[in-house]
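**Q** My structure is below; once you've seen it, I'll send some questions.
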Amino acid sequence: VYLFDLGQWKILRKFDSIHDLPVTCIGARPYPCPLLGEDVPMHAMSASADSKLAHLTLVKRVAKKQTPKGEISKSTAAGGIADIGFLLSVVWLLLLLFLIYAVGKETVELCMDNPSFDFNLDNWRVDMRCVLHEVLIAPPHRPGVSIPPY
């Protein structure tokens, strides 16, 4: 693949063996300006028969971004560990909230018929035996607990 300058009628850059299969299409930009979020201005793109893309540019080396002295970049280990710790605590909190929701939902569904279950917002009282034996722990008379169902 060659990058050719029409104004000067010369080859600007030659790319040897960038594709294993024959090139099927090439697209070029009329002006080599970098797009938003692009560090290196891409001058052309080529695609081969195996659907592999090549980004072609005239830039030989990319300048590394300098961080000011005293400033820590986000890719340091300390920042990464703090982010992972925060994500883990959020995951544990969501898991705990889901567990409380599931137990509360089962309590309302299974213990609503129990006469000792009082579902008033003024006097919110739950018979803990119902919650313990019906919601959290399966009673022995339930099929498959004492005797396997087969």
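For the structure tokens, the naming scheme is as follows: chains receive sequential letters (A, B, ...) according to their order of presentation, residues are indexed from 1 within each chain, and ligands are indexed from 1 in presentation order.
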Would you list the contacts of Val131 of chain A as a list in words, taking every protein, DNA or RNA residue within 9 Å and counting only C-alpha atoms, but skipping same-chain residues closer than 4 positions in sequence?
**A**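 What passes the distance filter is Val103, Glu106, Thr107, Leu110, Cys111, Val126, Asp127, Val135, Leu136 and Ile137 of chain A.
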**Q** Using only N, CA, C and O atoms, please write the residues we just selected to a file, as a PDB file, in the first residue's frame.
**A**
```pdb
ATOM      1  N   VAL A 103     -35.576 -11.564  51.244  1.00  0.00           N
ATOM      2  CA  VAL A 103     -36.126 -12.082  52.501  1.00  0.00           C
ATOM      3  C   VAL A 103     -37.417 -11.345  52.856  1.00  0.00           C
ATOM      4  O   VAL A 103     -38.405 -11.955  53.276  1.00  0.00           O
ATOM      5  N   GLU A 106     -40.282 -12.594  50.498  1.00  0.00           N
ATOM      6  CA  GLU A 106     -40.734 -13.933  50.879  1.00  0.00           C
ATOM      7  C   GLU A 106     -41.495 -13.892  52.209  1.00  0.00           C
ATOM      8  O   GLU A 106     -42.463 -14.632  52.393  1.00  0.00           O
ATOM      9  N   THR A 107     -41.070 -13.041  53.124  1.00  0.00           N
ATOM     10  CA  THR A 107     -41.764 -12.917  54.413  1.00  0.00           C
ATOM     11  C   THR A 107     -43.187 -12.438  54.197  1.00  0.00           C
ATOM     12  O   THR A 107     -44.136 -12.978  54.786  1.00  0.00           O
ATOM     13  N   LEU A 110     -45.213 -15.417  52.365  1.00  0.00           N
ATOM     14  CA  LEU A 110     -45.451 -16.662  53.092  1.00  0.00           C
ATOM     15  C   LEU A 110     -46.089 -16.442  54.461  1.00  0.00           C
ATOM     16  O   LEU A 110     -46.824 -17.308  54.946  1.00  0.00           O
ATOM     17  N   CYS A 111     -45.808 -15.341  55.100  1.00  0.00           N
ATOM     18  CA  CYS A 111     -46.292 -15.150  56.469  1.00  0.00           C
ATOM     19  C   CYS A 111     -47.512 -14.238  56.540  1.00  0.00           C
ATOM     20  O   CYS A 111     -47.959 -13.914  57.645  1.00  0.00           O
ATOM     21  N   VAL A 126     -43.344  -8.923  63.350  1.00  0.00           N
ATOM     22  CA  VAL A 126     -43.346 -10.161  62.574  1.00  0.00           C
ATOM     23  C   VAL A 126     -43.053 -11.310  63.527  1.00  0.00           C
ATOM     24  O   VAL A 126     -42.163 -11.217  64.369  1.00  0.00           O
ATOM     25  N   ASP A 127     -43.815 -12.373  63.409  1.00  0.00           N
ATOM     26  CA  ASP A 127     -43.539 -13.573  64.186  1.00  0.00           C
ATOM     27  C   ASP A 127     -42.257 -14.187  63.648  1.00  0.00           C
ATOM     28  O   ASP A 127     -42.198 -14.643  62.520  1.00  0.00           O
ATOM     29  N   VAL A 135     -39.328 -18.874  55.755  1.00  0.00           N
ATOM     30  CA  VAL A 135     -38.564 -18.074  54.789  1.00  0.00           C
ATOM     31  C   VAL A 135     -37.103 -18.486  54.752  1.00  0.00           C
ATOM     32  O   VAL A 135     -36.555 -18.787  53.689  1.00  0.00           O
ATOM     33  N   LEU A 136     -36.430 -18.491  55.895  1.00  0.00           N
ATOM     34  CA  LEU A 136     -34.993 -18.724  55.918  1.00  0.00           C
ATOM     35  C   LEU A 136     -34.623 -20.202  55.871  1.00  0.00           C
ATOM     36  O   LEU A 136     -33.708 -20.594  55.165  1.00  0.00           O
ATOM     37  N   ILE A 137     -35.322 -21.041  56.641  1.00  0.00           N
ATOM     38  CA  ILE A 137     -35.015 -22.470  56.712  1.00  0.00           C
ATOM     39  C   ILE A 137     -36.256 -23.234  56.287  1.00  0.00           C
ATOM     40  O   ILE A 137     -37.357 -22.967  56.761  1.00  0.00           O
TER      41      ILE A 137
END
```
**Q** Near His55 of chain A, counting only C-alpha atoms, which residues have an atom at most 9 Å away, once you skip same-chain residues fewer than 3 positions from it, shown as a PyMOL selection string?
**A** chain A and resi 42-46
**Q** Next, dump the selected residues to file, keeping only C-alpha atoms, as a PDB file, in the first residue's frame.
**A**
```pdb
ATOM      1  CA  MET A  42      -4.691   8.922  10.426  1.00  0.00           C
ATOM      2  CA  HIS A  43      -4.224   9.699   6.754  1.00  0.00           C
ATOM      3  CA  ALA A  44      -5.813   6.567   5.286  1.00  0.00           C
ATOM      4  CA  MET A  45      -7.377   3.216   6.152  1.00  0.00           C
ATOM      5  CA  SER A  46      -7.157  -0.003   4.194  1.00  0.00           C
TER       6      SER A  46
END
```
**Q** Using only C-alpha atoms, which protein or nucleic acid residues come within 7 Å of Leu12 of chain A? Drop anything in the same chain fewer than 6 positions from it, and give the result as a PyMOL selection string.
**A** chain A and resi 3-5
**Q** For Pro22 of chain A, work out the shell of residues within 9 Å, counting only C-alpha atoms and skipping chain neighbours fewer than 6 positions away, then give it as a PyMOL selection string.
**A** chain A and resi 47-50
**Q** In Å, how far is it from atom CA of Ser17 of chain A to atom CA of Leu58 of chain A?
**A**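 Distance reported for this atom pair: 16.6 Å.
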**Q** What is the atom CA of Leu95 of chain A-atom CA of Arg129 of chain A distance in Å, reported with one decimal?
**A** 24.9 Å
**Q** To one decimal place in Å, what is the distance between atom CA of Asp16 of chain A and atom CA of Gly37 of chain A?
**A**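 Interatomic distance, atom CA of Asp16 of chain A to atom CA of Gly37 of chain A: 27.7 Å.
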